[in-house]
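Peer 1: My file is query18.pdb. It has PDB, C-alpha atoms:
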ATOM      1  CA  MET E   1    -159.640-150.004  -3.750
ATOM      2  CA  ASP E   2    -161.151-152.347  -6.317
ATOM      3  CA  ILE E   3    -158.935-155.418  -6.081
ATOM      4  CA  LYS E   4    -158.802-157.343  -9.352
ATOM      5  CA  LYS E   5    -155.225-158.653  -9.475
ATOM      6  CA  LEU E   6    -152.753-159.760  -6.825
ATOM      7  CA  PHE E   7    -149.109-160.654  -7.319
ATOM      8  CA  PHE E   8    -147.090-163.134  -5.260
ATOM      9  CA  PRO E   9    -143.373-163.791  -5.861
ATOM     10  CA  ILE E  10    -142.014-167.221  -4.965
ATOM     11  CA  GLY E  11    -138.792-166.359  -3.201
ATOM     12  CA  GLY E  12    -136.145-168.678  -1.832
ATOM     13  CA  GLY E  13    -136.212-170.907   1.208
ATOM     14  CA  GLU E  14    -138.347-173.785   2.370
ATOM     15  CA  ASP E  15    -142.102-174.002   3.091
ATOM     16  CA  ILE E  16    -143.146-173.188  -0.477
ATOM     17  CA  GLU E  17    -146.405-175.085   0.011
ATOM     18  CA  ALA E  18    -147.355-173.056   3.083
ATOM     19  CA  ARG E  19    -146.556-169.777   1.336
ATOM     20  CA  ILE E  20    -148.590-170.631  -1.756
ATOM     21  CA  ARG E  21    -151.500-171.738   0.424
ATOM     22  CA  GLY E  22    -151.374-168.482   2.400
ATOM     23  CA  ALA E  23    -151.399-166.345  -0.737
ATOM     24  CA  LEU E  24    -154.325-168.337  -2.141
ATOM     25  CA  LEU E  25    -156.252-167.717   1.082
ATOM     26  CA  VAL E  26    -155.785-163.969   0.638
ATOM     27  CA  ASN E  27    -156.857-164.178  -2.991
ATOM     28  CA  LYS E  28    -159.930-166.219  -2.153
ATOM     29  CA  ALA E  29    -160.995-163.661   0.460
ATOM     30  CA  PHE E  30    -160.879-160.925  -2.190
ATOM     31  CA  ASN E  31    -162.395-163.126  -4.926
ATOM     32  CA  SER E  32    -159.687-161.784  -7.210
ATOM     33  CA  HIS E  33    -156.999-163.078  -9.579
ATOM     34  CA  ILE E  34    -153.493-163.835  -8.324
ATOM     35  CA  LYS E  35    -150.328-164.313 -10.352
ATOM     36  CA  PHE E  36    -147.623-166.469  -8.811
ATOM     37  CA  LEU E  37    -144.148-165.888 -10.179
ATOM     38  CA  ALA E  38    -141.117-168.126  -9.819
ATOM     39  CA  SER E  39    -137.814-167.159 -11.404
ATOM     40  CA  GLN E  40    -134.924-169.322 -12.537
ATOM     41  CA  MET E  41    -131.484-168.390 -13.776
ATOM     42  CA  ASP E  42    -130.709-168.414 -17.488
ATOM     43  CA  PHE E  43    -127.833-170.879 -17.489
ATOM     44  CA  ASN E  44    -126.441-169.716 -20.834
ATOM     45  CA  LEU E  45    -126.285-166.094 -19.736
ATOM     46  CA  VAL E  46    -124.883-166.670 -16.266
ATOM     47  CA  PHE E  47    -122.181-169.158 -17.203
ATOM     48  CA  ASN E  48    -120.259-169.080 -20.428
ATOM     49  CA  MET E  49    -118.741-172.392 -19.444
ATOM     50  CA  GLU E  50    -117.980-173.494 -22.975
ATOM     51  CA  MET E  51    -115.384-170.756 -23.295
ATOM     52  CA  ALA E  52    -114.094-171.208 -19.750
ATOM     53  CA  LEU E  53    -113.715-174.979 -19.971
ATOM     54  CA  ARG E  54    -112.707-175.033 -23.645
ATOM     55  CA  SER E  55    -114.743-178.201 -24.005
ATOM     56  CA  GLY E  56    -118.189-178.327 -25.506
ATOM     57  CA  LYS E  57    -118.781-181.802 -24.097
ATOM     58  CA  ILE E  58    -118.138-180.707 -20.507
ATOM     59  CA  PHE E  59    -120.370-177.683 -20.978
ATOM     60  CA  ASP E  60    -123.170-179.742 -22.534
ATOM     61  CA  ALA E  61    -123.097-182.265 -19.691
ATOM     62  CA  LEU E  62    -123.199-179.526 -17.057
ATOM     63  CA  HIS E  63    -125.882-177.642 -18.942
ATOM     64  CA  ASP E  64    -128.091-180.727 -19.261
ATOM     65  CA  SER E  65    -127.705-181.540 -15.564
ATOM     66  CA  VAL E  66    -128.700-178.044 -14.450
ATOM     67  CA  ALA E  67    -131.523-177.880 -17.018
ATOM     68  CA  ASP E  68    -132.962-181.162 -15.719
ATOM     69  CA  GLU E  69    -132.825-179.888 -12.147
ATOM     70  CA  LEU E  70    -134.535-176.599 -13.041
ATOM     71  CA  LYS E  71    -137.250-178.424 -14.983
ATOM     72  CA  ALA E  72    -137.850-180.789 -12.071
ATOM     73  CA  GLN E  73    -138.243-177.817  -9.706
ATOM     74  CA  LYS E  74    -140.578-176.057 -12.133
ATOM     75  CA  ASP E  75    -142.747-179.170 -12.525
ATOM     76  CA  LYS E  76    -142.839-179.670  -8.749
ATOM     77  CA  ASN E  77    -143.972-176.073  -8.173
ATOM     78  CA  HIS E  78    -146.731-176.347 -10.757
ATOM     79  CA  GLU E  79    -147.960-179.665  -9.364
ATOM     80  CA  LEU E  80    -148.069-178.154  -5.881
ATOM     81  CA  PHE E  81    -149.873-175.071  -7.152
ATOM     82  CA  THR E  82    -152.454-177.170  -9.026
ATOM     83  CA  ARG E  83    -153.163-179.336  -5.989
ATOM     84  CA  LEU E  84    -153.577-176.383  -3.627
ATOM     85  CA  CYS E  85    -155.908-174.571  -6.033
ATOM     86  CA  GLY E  86    -158.041-177.703  -6.133
ATOM     87  CA  GLU E  87    -158.107-178.037  -2.355
ATOM     88  CA  LEU E  88    -159.085-174.386  -1.829
ATOM     89  CA  GLY E  89    -161.534-174.115  -4.717
ATOM     90  CA  VAL E  90    -159.540-171.582  -6.744
ATOM     91  CA  GLN E  91    -159.949-171.733 -10.529
ATOM     92  CA  ILE E  92    -156.712-171.947 -12.522
ATOM     93  CA  SER E  93    -156.816-169.321 -15.274
ATOM     94  CA  ASP E  94    -154.497-166.790 -16.881
ATOM     95  CA  THR E  95    -157.091-164.047 -16.419
ATOM     96  CA  ASN E  96    -159.781-163.098 -13.936
ATOM     97  CA  LEU E  97    -163.256-164.599 -14.205
ATOM     98  CA  PRO E  98    -166.294-162.718 -12.837
ATOM     99  CA  GLY E  99    -167.388-163.756  -9.379
ATOM    100  CA  ILE E 100    -164.731-166.387  -8.628
ATOM    101  CA  ALA E 101    -161.157-166.518  -7.337
ATOM    102  CA  THR E 102    -158.615-167.372 -10.051
ATOM    103  CA  ALA E 103    -154.885-168.012 -10.090
ATOM    104  CA  GLU E 104    -151.987-168.588 -12.475
ATOM    105  CA  PHE E 105    -148.413-169.758 -11.970
ATOM    106  CA  VAL E 106    -145.622-168.467 -14.216
ATOM    107  CA  THR E 107    -141.916-169.293 -14.241
ATOM    108  CA  LYS E 108    -139.528-166.827 -15.899
ATOM    109  CA  GLU E 109    -135.785-166.751 -16.430
ATOM    110  CA  GLY E 110    -133.635-163.949 -15.070
ATOM    111  CA  LEU E 111    -132.279-162.419 -11.888
ATOM    112  CA  ARG E 112    -135.075-162.940  -9.379
ATOM    113  CA  SER E 113    -135.060-159.468  -7.824
ATOM    114  CA  LYS E 114    -135.171-157.763 -11.237
ATOM    115  CA  VAL E 115    -137.905-160.029 -12.580
ATOM    116  CA  VAL E 116    -139.978-159.559  -9.422
ATOM    117  CA  GLU E 117    -139.528-155.782  -9.340
ATOM    118  CA  TYR E 118    -140.769-155.514 -12.921
ATOM    119  CA  GLU E 119    -143.709-157.920 -12.628
ATOM    120  CA  ALA E 120    -144.894-156.434  -9.324
ATOM    121  CA  LYS E 121    -145.726-153.164 -11.044
ATOM    122  CA  PHE E 122    -148.657-154.746 -12.883
ATOM    123  CA  CYS E 123    -151.032-155.568 -10.048
ATOM    124  CA  ASP E 124    -153.409-153.870  -7.648
ATOM    125  CA  LEU E 125    -151.811-155.318  -4.553
ATOM    126  CA  VAL E 126    -148.660-157.320  -3.784
ATOM    127  CA  VAL E 127    -148.835-160.316  -1.470
ATOM    128  CA  SER E 128    -145.476-161.277   0.001
ATOM    129  CA  ALA E 129    -144.376-163.742   2.664
ATOM    130  CA  CYS E 130    -142.476-162.472   5.692
ATOM    131  CA  PRO E 131    -138.765-162.879   4.923
ATOM    132  CA  PRO E 132    -136.900-165.647   6.781
ATOM    133  CA  GLU E 133    -135.695-164.511  10.214
ATOM    134  CA  GLY E 134    -137.425-161.170   9.579
ATOM    135  CA  GLU E 135    -134.479-159.884   7.539
ATOM    136  CA  PRO E 136    -135.667-158.189   4.318
ATOM    137  CA  THR E 137    -134.422-160.096   1.271
ATOM    138  CA  ALA E 138    -133.836-158.899  -2.291
ATOM    139  CA  THR E 139    -137.148-160.476  -3.332
ATOM    140  CA  PHE E 140    -138.991-158.827  -0.438
ATOM    141  CA  ASN E 141    -137.544-155.392  -1.178
ATOM    142  CA  ALA E 142    -138.235-155.765  -4.905
ATOM    143  CA  SER E 143    -141.905-156.622  -4.408
ATOM    144  CA  VAL E 144    -142.835-154.673  -1.283
ATOM    145  CA  ILE E 145    -140.574-151.621  -1.432
ATOM    146  CA  LYS E 146    -139.564-151.002  -5.044
ATOM    147  CA  SER E 147    -142.826-151.891  -6.802
ATOM    148  CA  GLY E 148    -144.581-148.741  -5.600
ATOM    149  CA  LYS E 149    -147.614-150.859  -4.681
ATOM    150  CA  ASN E 150    -149.308-151.483  -1.373
ATOM    151  CA  ALA E 151    -148.662-154.968  -0.055
ATOM    152  CA  ILE E 152    -150.041-157.528   2.352
ATOM    153  CA  VAL E 153    -147.140-159.286   4.058
ATOM    154  CA  ILE E 154    -148.290-162.666   5.353
ATOM    155  CA  PRO E 155    -146.710-165.028   7.890
ATOM    156  CA  ARG E 156    -144.886-167.849   6.129
ATOM    157  CA  ASN E 157    -147.432-170.330   7.476
ATOM    158  CA  LEU E 158    -150.747-168.486   7.344
ATOM    159  CA  LYS E 159    -153.652-170.720   8.407
ATOM    160  CA  GLU E 160    -156.536-168.258   8.087
ATOM    161  CA  PHE E 161    -157.052-164.845   6.507
ATOM    162  CA  LYS E 162    -159.597-162.434   7.909
ATOM    163  CA  THR E 163    -159.774-158.704   8.576
ATOM    164  CA  ASP E 164    -162.464-158.268  11.244
ATOM    165  CA  ARG E 165    -160.138-156.604  13.770
ATOM    166  CA  ILE E 166    -157.450-154.267  12.405
ATOM    167  CA  LEU E 167    -154.663-152.518  14.303
ATOM    168  CA  ILE E 168    -152.993-149.401  12.860
ATOM    169  CA  GLY E 169    -149.458-148.605  14.007
ATOM    170  CA  TRP E 170    -149.073-144.849  13.514
ATOM    171  CA  SER E 171    -145.430-143.851  12.966
ATOM    172  CA  GLY E 172    -145.867-140.385  11.526
ATOM    173  CA  THR E 173    -144.336-141.263   8.144
ATOM    174  CA  ALA E 174    -145.612-140.710   4.637
ATOM    175  CA  ASN E 175    -145.708-144.471   4.190
ATOM    176  CA  ILE E 176    -148.117-145.096   7.066
ATOM    177  CA  ALA E 177    -150.398-142.395   5.657
ATOM    178  CA  LYS E 178    -150.244-144.174   2.291
ATOM    179  CA  ALA E 179    -150.918-147.549   3.922
ATOM    180  CA  ILE E 180    -154.011-146.224   5.727
ATOM    181  CA  THR E 181    -155.447-144.833   2.503
ATOM    182  CA  GLY E 182    -154.565-147.997   0.600
ATOM    183  CA  SER E 183    -156.202-150.218   3.205
ATOM    184  CA  MET E 184    -159.360-148.100   3.495
ATOM    185  CA  PHE E 185    -161.451-150.731   1.715
ATOM    186  CA  LEU E 186    -160.528-153.151   4.504
ATOM    187  CA  LEU E 187    -160.915-150.619   7.308
ATOM    188  CA  LYS E 188    -164.456-149.839   6.125
ATOM    189  CA  GLN E 189    -165.414-153.506   6.318
ATOM    190  CA  ALA E 190    -163.705-154.227   9.644
ATOM    191  CA  LYS E 191    -165.713-154.697  12.814
ATOM    192  CA  SER E 192    -163.051-152.971  14.918
ATOM    193  CA  VAL E 193    -160.226-150.531  14.077
ATOM    194  CA  HIS E 194    -157.749-149.466  16.749
ATOM    195  CA  ILE E 195    -154.836-147.046  16.349
ATOM    196  CA  ILE E 196    -151.732-147.072  18.505
ATOM    197  CA  THR E 197    -148.811-144.666  18.565
ATOM    198  CA  THR E 198    -146.082-143.575  20.979
ATOM    199  CA  ALA E 199    -145.460-140.399  22.946
ATOM    200  CA  ARG E 200    -142.733-139.498  20.461
ATOM    201  CA  TYR E 201    -145.211-139.098  17.624
ATOM    202  CA  MET E 202    -147.682-137.256  19.831
ATOM    203  CA  GLN E 203    -144.945-134.701  20.485
ATOM    204  CA  ASP E 204    -144.348-134.323  16.762
ATOM    205  CA  ALA E 205    -148.081-133.856  16.069
ATOM    206  CA  PRO E 206    -150.162-133.207  19.220
ATOM    207  CA  SER E 207    -153.436-133.095  17.255
ATOM    208  CA  ILE E 208    -152.869-136.400  15.464
ATOM    209  CA  GLN E 209    -155.578-138.240  17.412
ATOM    210  CA  ASP E 210    -158.313-135.804  16.423
ATOM    211  CA  ASP E 211    -157.034-135.392  12.867
ATOM    212  CA  LEU E 212    -156.709-139.108  12.178
ATOM    213  CA  LEU E 213    -160.028-140.102  13.735
ATOM    214  CA  LYS E 214    -161.795-137.323  11.838
ATOM    215  CA  TYR E 215    -160.213-138.408   8.543
ATOM    216  CA  LEU E 216    -161.325-142.002   9.073
ATOM    217  CA  SER E 217    -164.834-140.844   9.978
ATOM    218  CA  PHE E 218    -165.174-139.374   6.479
ATOM    219  CA  HIS E 219    -165.081-142.998   5.329
ATOM    220  CA  ASP E 220    -167.476-144.129   8.074
ATOM    221  CA  VAL E 221    -164.671-145.834   9.967
ATOM    222  CA  ASN E 222    -165.179-145.478  13.711
ATOM    223  CA  ALA E 223    -161.736-146.086  15.208
ATOM    224  CA  THR E 224    -160.265-145.894  18.698
ATOM    225  CA  PHE E 225    -156.892-144.396  19.625
ATOM    226  CA  GLU E 226    -154.253-145.225  22.229
ATOM    227  CA  VAL E 227    -150.759-144.073  23.153
ATOM    228  CA  VAL E 228    -148.627-147.078  24.114
ATOM    229  CA  LYS E 229    -145.216-147.554  25.664
ATOM    230  CA  THR E 230    -142.309-148.997  23.723
ATOM    231  CA  THR E 231    -139.871-151.577  25.075
ATOM    232  CA  SER E 232    -136.137-152.048  24.729
ATOM    233  CA  THR E 233    -136.767-154.537  21.915
ATOM    234  CA  HIS E 234    -137.539-152.791  18.640
ATOM    235  CA  GLY E 235    -140.911-153.858  17.241
ATOM    236  CA  GLU E 236    -142.045-155.533  20.468
ATOM    237  CA  ALA E 237    -144.634-152.883  21.341
ATOM    238  CA  LEU E 238    -146.453-153.396  18.064
ATOM    239  CA  LEU E 239    -146.257-157.172  18.356
ATOM    240  CA  ASN E 240    -147.499-157.193  21.965
ATOM    241  CA  ASN E 241    -150.466-154.993  21.155
ATOM    242  CA  THR E 242    -151.287-157.144  18.109
ATOM    243  CA  GLN E 243    -151.324-160.322  20.180
ATOM    244  CA  ASN E 244    -152.974-158.902  23.305
ATOM    245  CA  GLY E 245    -155.753-157.315  21.270
ATOM    246  CA  HIS E 246    -156.335-160.462  19.181
ATOM    247  CA  PHE E 247    -156.131-158.479  15.958
ATOM    248  CA  ASP E 248    -156.422-160.134  12.535
ATOM    249  CA  MET E 249    -154.303-157.618  10.613
ATOM    250  CA  VAL E 250    -151.875-154.772  11.217
ATOM    251  CA  VAL E 251    -151.579-151.649   9.057
ATOM    252  CA  ALA E 252    -148.054-150.270   9.354
ATOM    253  CA  SER E 253    -145.295-148.401   7.572
ATOM    254  CA  SER E 254    -143.124-150.319   5.128
ATOM    255  CA  SER E 255    -140.192-148.003   5.825
ATOM    256  CA  GLY E 256    -139.274-145.175   8.086
ATOM    257  CA  GLU E 257    -136.995-142.222   8.509
ATOM    258  CA  ASN E 258    -133.682-144.036   8.175
ATOM    259  CA  GLY E 259    -134.229-146.500   5.350
ATOM    260  CA  LEU E 260    -135.987-149.746   4.556
ATOM    261  CA  ARG E 261    -135.425-151.387   7.931
ATOM    262  CA  GLU E 262    -136.326-148.450  10.110
ATOM    263  CA  MET E 263    -139.085-148.525  12.664
ATOM    264  CA  TYR E 264    -142.337-150.109  13.341
ATOM    265  CA  LEU E 265    -143.260-147.897  16.294
ATOM    266  CA  GLY E 266    -139.745-146.767  16.999
ATOM    267  CA  GLY E 267    -137.586-149.713  15.994
ATOM    268  CA  THR E 268    -136.468-151.969  13.178
ATOM    269  CA  THR E 269    -138.909-154.198  11.382
ATOM    270  CA  LYS E 270    -136.877-157.374  11.835
ATOM    271  CA  TYR E 271    -138.308-158.446  15.196
ATOM    272  CA  PHE E 272    -141.874-157.782  14.160
ATOM    273  CA  LEU E 273    -141.632-159.523  10.790
ATOM    274  CA  GLN E 274    -139.936-162.498  12.397
ATOM    275  CA  ASN E 275    -142.682-162.959  14.996
ATOM    276  CA  THR E 276    -145.951-161.574  13.651
ATOM    277  CA  PRO E 277    -148.808-164.110  13.709
ATOM    278  CA  VAL E 278    -151.008-161.983  11.416
ATOM    279  CA  PRO E 279    -150.715-160.298   7.997
ATOM    280  CA  VAL E 280    -149.406-156.743   7.734
ATOM    281  CA  PHE E 281    -150.767-154.198   5.245
ATOM    282  CA  VAL E 282    -148.033-151.775   4.171
TER
END
Show how you would write the structure in this file as structure tokens.
Peer 2:
Amino acid sequence: MDIKKLFFPIGGGEDIEARIRGALLVNKAFNSHIKFLASQMDFNLVFNMEMALRSGKIFDALHDSVADELKAQKDKNHELFTRLCGELGVQISDTNLPGIATAEFVTKEGLRSKVVEYEAKFCDLVVSACPPEGEPTATFNASVIKSGKNAIVIPRNLKEFKTDRILIGWSGTANIAKAITGSMFLLKQAKSVHIITTARYMQDAPSIQDDLLKYLSFHDVNATFEVVKTTSTHGEALLNNTQNGHFDMVVASSSGENGLREMYLGGTTKYFLQNTPVPVFV
């Protein structure tokens, strides 16, 4: 994949600085362009307070107060973005420039999930922060699930981005097959690629080890394969193998057989997203 443009939605919650920094680290590694998007409500569309309160003066005062607060938040985000770009050596630009990492920050009005879902369609790769507490949010689903794009989901406080050692969590779904193909440009550059699965998926496809390793070899990716045991905690097997193997990135399925929150190696994604120390390519 020739990565030219990344997209990162600024969702809700705290640690905005850490999330912006993490996304810039990913962008700098790819030497690409990244578009940051923040969304704010359109006060006039959401609240027709003038009719409800029957007083233009009350409406105007409320409108001005909210407008000032939204402007202050917008200015704060842009100041933070500008400072971080300077610290990391990323050029601020509304388009990509040959040979250097570039970034832009845009604020748009509208329902965040709708704005994000639309904007995410116009990039090569989505970058999204792990949702708070591991529970997929509307912003996360809009950018990672509904955009139709591959995504790199980063910890909310990513300190370093590298892809030397990559772990693939094979779950037998169409989405993991898509994620492997989408991440091939990273797998080809990695120093080590290891695949893990469970006995359940070996039963479904006994030849998967040979088939998957042969497919990767067509791209000159020499991977290793292992069948691991799951635990009673959904997502713990993948997390344990990620940490014990000192991997830099995990390639996994963004969804499974029973909906958006179904299985990373046989369980829900919540535990894994809440605890992963490394980015996940989905």
Peer 1: Counting all atoms listed in the file, what is within 8 Å of range 143-145 of chain E, bar same-chain residues fewer than 5 positions away, as number ranges by chain?
Peer 2: E: 9, 116-117, 120, 126, 128, 150-151, 254, 260
Peer 1: Take the PyMOL selection byres ((chain E and resi 152) around 7), run it mentally on this structure, and tell me the resulting residues as an MDAnalysis selection string.
Peer 2: chainID E and resid 126:128 151 153:154 279:282
Peer 1: Would you mind exporting C-alpha atoms of the selected residues as a compact mmCIF listing (two decimals), in the frame of the given file?
Peer 2:
# COMPACT_ATOMS: atom_id res chain seq x y z
CA VAL E 126 -148.66 -157.32 -3.78
CA VAL E 127 -148.84 -160.32 -1.47
CA SER E 128 -145.48 -161.28 0.00
CA ALA E 151 -148.66 -154.97 -0.06
CA VAL E 153 -147.14 -159.29 4.06
CA ILE E 154 -148.29 -162.67 5.35
CA PRO E 279 -150.72 -160.30 8.00
CA VAL E 280 -149.41 -156.74 7.73
CA PHE E 281 -150.77 -154.20 5.24
CA VAL E 282 -148.03 -151.78 4.17
Peer 1: I need the residue set behind the PyMOL selection byres ((chain E and resi 176) around 9) for this file; please write it as a list of chain:residue names.
Peer 2: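 Taken on the displayed file, the PyMOL selection byres ((chain E and resi 176) around 9) yields the residues E:Ile168, E:Gly169, E:Trp170, E:Ser171, E:Gly172, E:Thr173, E:Ala174, E:Asn175, E:Ala177, E:Lys178, E:Ala179, E:Ile180, E:Thr181, E:Val251, E:Ala252, E:Ser253, E:Ser254, E:Ser255, E:Gly256, E:Val282.
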Peer 1: Hey, what comes out of the PyMOL selection byres ((chain E and resi 82-99) around 10) on this file? Could you write it as an MDAnalysis selection string?
Peer 2: chainID E and resid 4:5 17:18 20:21 24:25 27:28 31:35 76:81 100:106
Peer 1: Point out the residue among E:Lys191, E:Arg156, E:His234, E:Arg165 with the least atom-to-atom distance to Asp248 in chain E, counting only C-alpha atoms.
Peer 2: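 Nearest to Asp248 in chain E: E:Arg165.
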Peer 1: In Å, with one decimal, what is the gap from CA of Thr163 in chain E to CA of Ser207 in chain E?
Peer 2: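 Going from CA of Thr163 in chain E over to CA of Ser207 in chain E covers 27.8 Å.
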Peer 1: What's the separation between CA of Met202 in chain E and CA of Leu167 in chain E, in Å to one decimal place?
Peer 2: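 Atom-to-atom, CA of Met202 in chain E and CA of Leu167 in chain E are spaced 17.7 Å apart.
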Peer 1: Just give me the residues with any atom within 7 Å of (-162.5, -150.4, -0.2), file coordinates, counting all atoms listed in the file, written as a list in words.
Peer 2: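 Every polymer residue passing the test: Met1, Asp2, Met184, Phe185, Leu186 and Lys188 of chain E.
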Peer 1: Between E:Ala29, E:Lys146, E:Ile195, E:Glu133, which residue has the minimum interatomic distance to Val228 in chain E, considering all atoms listed in the file?
Peer 2: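 For Val228 in chain E, the nearest of the given residues is E:Ile195.
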Peer 1: Please define a box with edges along x, y and z of the file around all atoms of range 168-187 of chain E given in the file, extend it by 5 Å on each side, and return its centre and edge lengths in Å to one decimal, as JSON.
Peer 2:
{"center_x": -152.9, "center_y": -146.8, "center_z": 7.3, "size_x": 27.1, "size_y": 22.8, "size_z": 23.4}
Peer 1: For CA of Tyr215 in chain E and CA of Leu238 in chain E, determine how far apart the two atoms are, in Å to one decimal place.
Peer 2: 22.5 Å
Peer 1: Quick one: residues within 10 Å of Asn275 in chain E, all atoms listed in the file counted, chain neighbours fewer than 5 positions away excluded, as a PyMOL selection string?
Peer 2: chain E and resi 130+133-134+155+235-236+239+270
Peer 1: Kindly indicate which residue among E:Glu135, E:Asp15, E:Glu109, E:Asp220 lies nearest to Gln274 in chain E, using only C-alpha atoms for the distances.
Peer 2: E:Glu135
Peer 1: Using only C-alpha atoms for the distances, tell me which of E:Gln189, E:Gln40, E:Ser147, E:Asn157 is nearest to Thr107 in chain E.
Peer 2: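 Of the candidates, the smallest distance to Thr107 in chain E is held by E:Gln40.
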Peer 1: Find, counting all atoms listed in the file, the residue in E:Ile196, E:Pro132, E:Phe30, E:Arg112 that gets nearest to Tyr271 in chain E.
Peer 2: E:Pro132
